[in-house]
Amino acid sequence: MRAVVRESYCDPDALQVCETEMPAPVAGEVLVRVRAAAVDHGTWHTITGLPFAARIVTGLRRPRVPVPGLDFAGEVAAVGAGVTRFRPGDEVFGSSEGALAEYLRAPVDRLAAKPPGISYAQAAAIPVSGCTAVQALRAVSVQRGQSVFVLGAGGGVGTFAVQLASAAGAHVTGVCGPAKAELVRKLGADEVVDYTRGDALGGARRWDAIVDTAGGRPLRRLRRALAPQGTLVIVGAEPAGGSGGGRILQGTQRQLAAMALSPFTRQRLVPLLSKVTPADLESLRAMAADGSLTPVVDRTFPLVEVPAAIRYLRAGHATGKVVVTI
Ligand SMILES: NC(=O)c1ccc[n+]([C@@H]2O[C@H](COP(=O)([O-])OP(=O)(O)OC[C@H]3O[C@@H](n4cnc5c(N)ncnc54)[C@H](OP(=O)(O)O)[C@@H]3O)[C@@H](O)[C@H]2O)c1
């Protein structure tokens with residue numbers, strides 16, 4: 001099969017498509033013919049091995065898995081022993097290592113049936129960003145009437161967070177650049193703040209919850225815009241656009257500071273470490289199936305253009321998700 005393969009950490013521009021062995025599913029796994037794979041900042045971390053702290057998970061000396069990529073959508077090509085939930089031909093989506101390839105093997109608890117009304121690209125856009133948004137809003141116990149401020153509202157995680165907070169009945173303020181204002185409003189934001197026209201957190205207003213996917217803003221500044229008993233969820237560590245934050249921790253200092261400070265303040269400061277779970281994947285699937293959630297896909301790139309897809313994502317201004325079609 002064709003796949004993006006790399007044996008060592010590298011610049012994404014050095015990635016190439018190679019012929020490599022087809023994976024074979026073991027018990028409890030399925031083999032998926034991948035039709036679309038979304039790229040996210042986590043994919044960039046696994047390709048570059050940055051920040052160095054992330055290598056504890058991705059592999060200390062070299063990447064643990066030669067094929068990068070996580071989120072995918074496609075058809076089941078074969079099933080391993082004991083798998084009864086899926087059959088060859090089923091359309092599925094999910095998240096498992098090795099998605100930037102024609103085929104991948106995935107444990108059954110990492111996938112769900114693809115909602116029929118959406119494209120493969122849209123389905124591939126859901127898992128990491130959708131689950132992150134679900135878990136961020138769970139951390140703030142989002143409820144009707146609550147004011148929720150979403151920084152990075154037009155990005156991969158932000159477009160899900162705005163829709164989910166709005167569906168929960170919150171009063172949503174989305175912060176984005178001018179090109180995304182209309183989209184963010186359509187996704188359900190009651191108010192849109194253009195951060196290029198001044199300090200988005202300026203003024204005396206306070207929010208019950210802030211979900212920060214954009215990174216970069218100091219903790220004290222975010223706390224000043226938060227209600228005395230409000231909740232701040234820090235999703236993005238490094239500043240959007242990837243500049244600053246350092247090669248070792250890359251902005252995670254803010255999350256560490258939030259963790260250290262939270263027990264000593266009435267505000268809740270939550271550093272999020274999201275995970276794709278079967279329950280959250282299933283709830284996102286149901287919402288996408290009944291039309292109450294629309295995965296937003298910005299651009300699609302062919303497999304040979306993975307370096308360009310990652311460059312585009314890392315520029316920090318994607319509208320929704322960047323997807324590779326295979
Ligand atoms: N903690 C976790 O478990 C977890 C999970 C998933 C992702 N993440 C992190 O969360 C962050 C966001 O991920 P993503 O996939 O949503 O990224 P993304 O798709 O690149 O979106 C980032 C958004 O930030 C906006 N932005 C850029 N500069 C901004 C500024 N100064 N103020 C406000 N918004 C600004 C950009 O749009 P415009 O500037 O054009 O409006 C863009 O839409 C990344 O750092 C990622 O690594 C963390």
# chains A, B, ... in the order shown; residues from 1 in each chain; ligands from 1
>>> residues_near_ligand(ligand="ligand 1", cutoff="6 Å", atoms="only C-alpha atoms and all ligand atoms", output="number ranges by chain")
A: 40-42, 129, 132, 151-152, 154-158, 175-177, 195, 213-214, 235-238, 240, 272-274, 313, 316-321
>>> residues_around(residues="Arg205 (chain A)", least_positions_apart="4", cutoff="12 Å", atoms="only C-alpha atoms", output="PDB file with C-alpha atoms, in the first residue's frame")
ATOM      1  CA  SER A 147     -21.767  32.602  29.096  1.00  0.00           C
ATOM      2  CA  VAL A 148     -19.029  30.771  27.215  1.00  0.00           C
ATOM      3  CA  PHE A 149     -16.113  32.525  25.529  1.00  0.00           C
ATOM      4  CA  THR A 173     -19.047  34.462  22.263  1.00  0.00           C
ATOM      5  CA  ALA A 200     -10.459  40.357  22.673  1.00  0.00           C
ATOM      6  CA  LEU A 201     -10.333  40.129  26.466  1.00  0.00           C
ATOM      7  CA  LEU A 222      -7.506  35.067  30.874  1.00  0.00           C
ATOM      8  CA  ARG A 223      -8.320  34.952  34.599  1.00  0.00           C
ATOM      9  CA  ARG A 224      -9.204  38.639  34.622  1.00  0.00           C
ATOM     10  CA  ALA A 225     -11.916  37.971  32.017  1.00  0.00           C
ATOM     11  CA  LEU A 226     -13.290  35.007  33.992  1.00  0.00           C
ATOM     12  CA  ALA A 227     -16.127  35.242  36.546  1.00  0.00           C
ATOM     13  CA  PRO A 228     -14.970  34.832  40.179  1.00  0.00           C
TER      14      PRO A 228
END
>>> atom_distance(atom1="CA of Ala78 (chain A)", atom2="CA of Trp44 (chain A)")
29.2 Å
>>> select_by_dssp(residues="region 30-274 of chain A", states="strand (DSSP E)", output="VMD selection string")
chain A and resid 30 to 39 71 to 79 91 to 95 103 to 107 111 to 113 147 to 151 171 to 176 191 to 194 207 to 212 226 to 234 268 to 271
>>> residues_around(residues="Ala73 (chain A)", least_positions_apart="2", cutoff="8 Å", atoms="only C-alpha atoms", output="list in words")
Val34, Arg35, Ala36, Ala37, Asp71, Glu75, Glu91, Val92, Phe93, Gly94, Lys114, Tyr120, Ala121, Ala123 and Ala124 of chain A
>>> residues_around(residues="Ala24 (chain A)", least_positions_apart="5", cutoff="9 Å", atoms="only C-alpha atoms", output="PyMOL selection string")
chain A and resi 29-31+78+80+104-105
>>> write_last_selection(atoms="all heavy atoms", output="short mmCIF file (atom, residue, chain, number, x, y, z; two decimals), in the first residue's frame")
data_model
loop_
_atom_site.label_atom_id
_atom_site.label_comp_id
_atom_site.auth_asym_id
_atom_site.auth_seq_id
_atom_site.Cartn_x
_atom_site.Cartn_y
_atom_site.Cartn_z
N GLU A 29 -9.46 -6.05 16.16
CA GLU A 29 -9.15 -4.91 15.28
C GLU A 29 -9.86 -5.06 13.94
O GLU A 29 -10.26 -6.17 13.55
CB GLU A 29 -7.66 -4.84 14.99
CG GLU A 29 -6.82 -4.46 16.20
CD GLU A 29 -5.34 -4.32 15.84
OE1 GLU A 29 -4.91 -4.81 14.77
OE2 GLU A 29 -4.62 -3.72 16.64
N VAL A 30 -9.98 -3.94 13.23
CA VAL A 30 -10.43 -4.01 11.84
C VAL A 30 -9.38 -3.38 10.94
O VAL A 30 -8.58 -2.55 11.38
CB VAL A 30 -11.78 -3.28 11.63
CG1 VAL A 30 -12.89 -3.87 12.46
CG2 VAL A 30 -11.67 -1.79 11.91
N LEU A 31 -9.39 -3.81 9.70
CA LEU A 31 -8.53 -3.18 8.69
C LEU A 31 -9.42 -2.19 7.93
O LEU A 31 -10.50 -2.55 7.46
CB LEU A 31 -7.98 -4.23 7.73
CG LEU A 31 -7.06 -3.69 6.62
CD1 LEU A 31 -5.71 -3.26 7.20
CD2 LEU A 31 -6.83 -4.75 5.53
N ALA A 78 -11.44 -5.60 6.22
CA ALA A 78 -11.37 -6.94 6.81
C ALA A 78 -11.50 -6.80 8.32
O ALA A 78 -11.26 -5.72 8.86
CB ALA A 78 -10.03 -7.60 6.48
N GLY A 80 -10.59 -8.60 12.25
CA GLY A 80 -9.81 -9.59 12.98
C GLY A 80 -10.72 -10.52 13.77
O GLY A 80 -11.94 -10.30 13.84
N LEU A 104 -5.24 1.14 7.33
CA LEU A 104 -4.74 1.11 8.71
C LEU A 104 -5.50 0.07 9.50
O LEU A 104 -6.62 -0.30 9.14
CB LEU A 104 -4.82 2.49 9.38
CG LEU A 104 -6.12 3.17 9.75
CD1 LEU A 104 -6.97 2.43 10.77
CD2 LEU A 104 -5.80 4.53 10.34
N ARG A 105 -4.87 -0.41 10.56
CA ARG A 105 -5.59 -1.32 11.46
C ARG A 105 -5.96 -0.53 12.70
O ARG A 105 -5.17 0.28 13.21
CB ARG A 105 -4.75 -2.55 11.81
CG ARG A 105 -3.29 -2.30 11.99
CD ARG A 105 -2.56 -3.59 12.29
NE ARG A 105 -2.67 -3.90 13.69
CZ ARG A 105 -1.62 -4.06 14.50
NH1 ARG A 105 -0.38 -3.96 14.06
NH2 ARG A 105 -1.80 -4.34 15.78
#
>>> select_by_dssp(residues="region 90-257 of chain A", states="alpha helix (DSSP H)", output="PyMOL selection string")
chain A and resi 120-124+127-139+156-167+181-186+219-224+253-257
>>> closest_residue(among="A:Leu15, A:Leu303, A:Leu183, A:Val142", to="Val323 (chain A)", atoms="only C-alpha atoms")
A:Leu303
>>> residues_around(residues="Leu232 (chain A)", least_positions_apart="6", cutoff="6 Å", atoms="only C-alpha atoms", output="number ranges by chain")
A: 209-210, 269-270
>>> closest_atom_pairs(of="region 114-216 of chain A", to="region 281-286 of chain A", cutoff="10 Å", atoms="only C-alpha atoms", output="Markdown table")
| residue | atom | partner | partner_atom | distance |
| --- | --- | --- | --- | --- |
| A:Lys114 | CA | A:Arg285 | CA | 7.1 |
| A:Pro115 | CA | A:Arg285 | CA | 6.1 |
| A:Pro116 | CA | A:Arg285 | CA | 9.9 |
| A:Ala123 | CA | A:Arg285 | CA | 8.6 |
| A:Ile126 | CA | A:Leu284 | CA | 7.5 |
| A:Pro127 | CA | A:Leu281 | CA | 6.4 |
| A:Val128 | CA | A:Leu281 | CA | 9.1 |
| A:Gly130 | CA | A:Leu284 | CA | 7.0 |
| A:Cys131 | CA | A:Leu281 | CA | 6.6 |
| A:Val134 | CA | A:Leu284 | CA | 8.4 |
| A:Phe160 | CA | A:Leu284 | CA | 9.7 |
| A:Leu164 | CA | A:Leu284 | CA | 9.6 |
>>> closest_residue(among="A:Ala189, A:Glu182, A:Gly82, A:Glu305", to="Pro25 (chain A)", atoms="only C-alpha atoms")
A:Gly82
>>> closest_residue(among="A:Thr20, A:Thr325, A:Ser292, A:Gln135", to="Ala167 (chain A)", atoms="only C-alpha atoms")
A:Ser292
>>> atom_distance(atom1="CA of Val39 (chain A)", atom2="CA of Val172 (chain A)")
26.6 Å
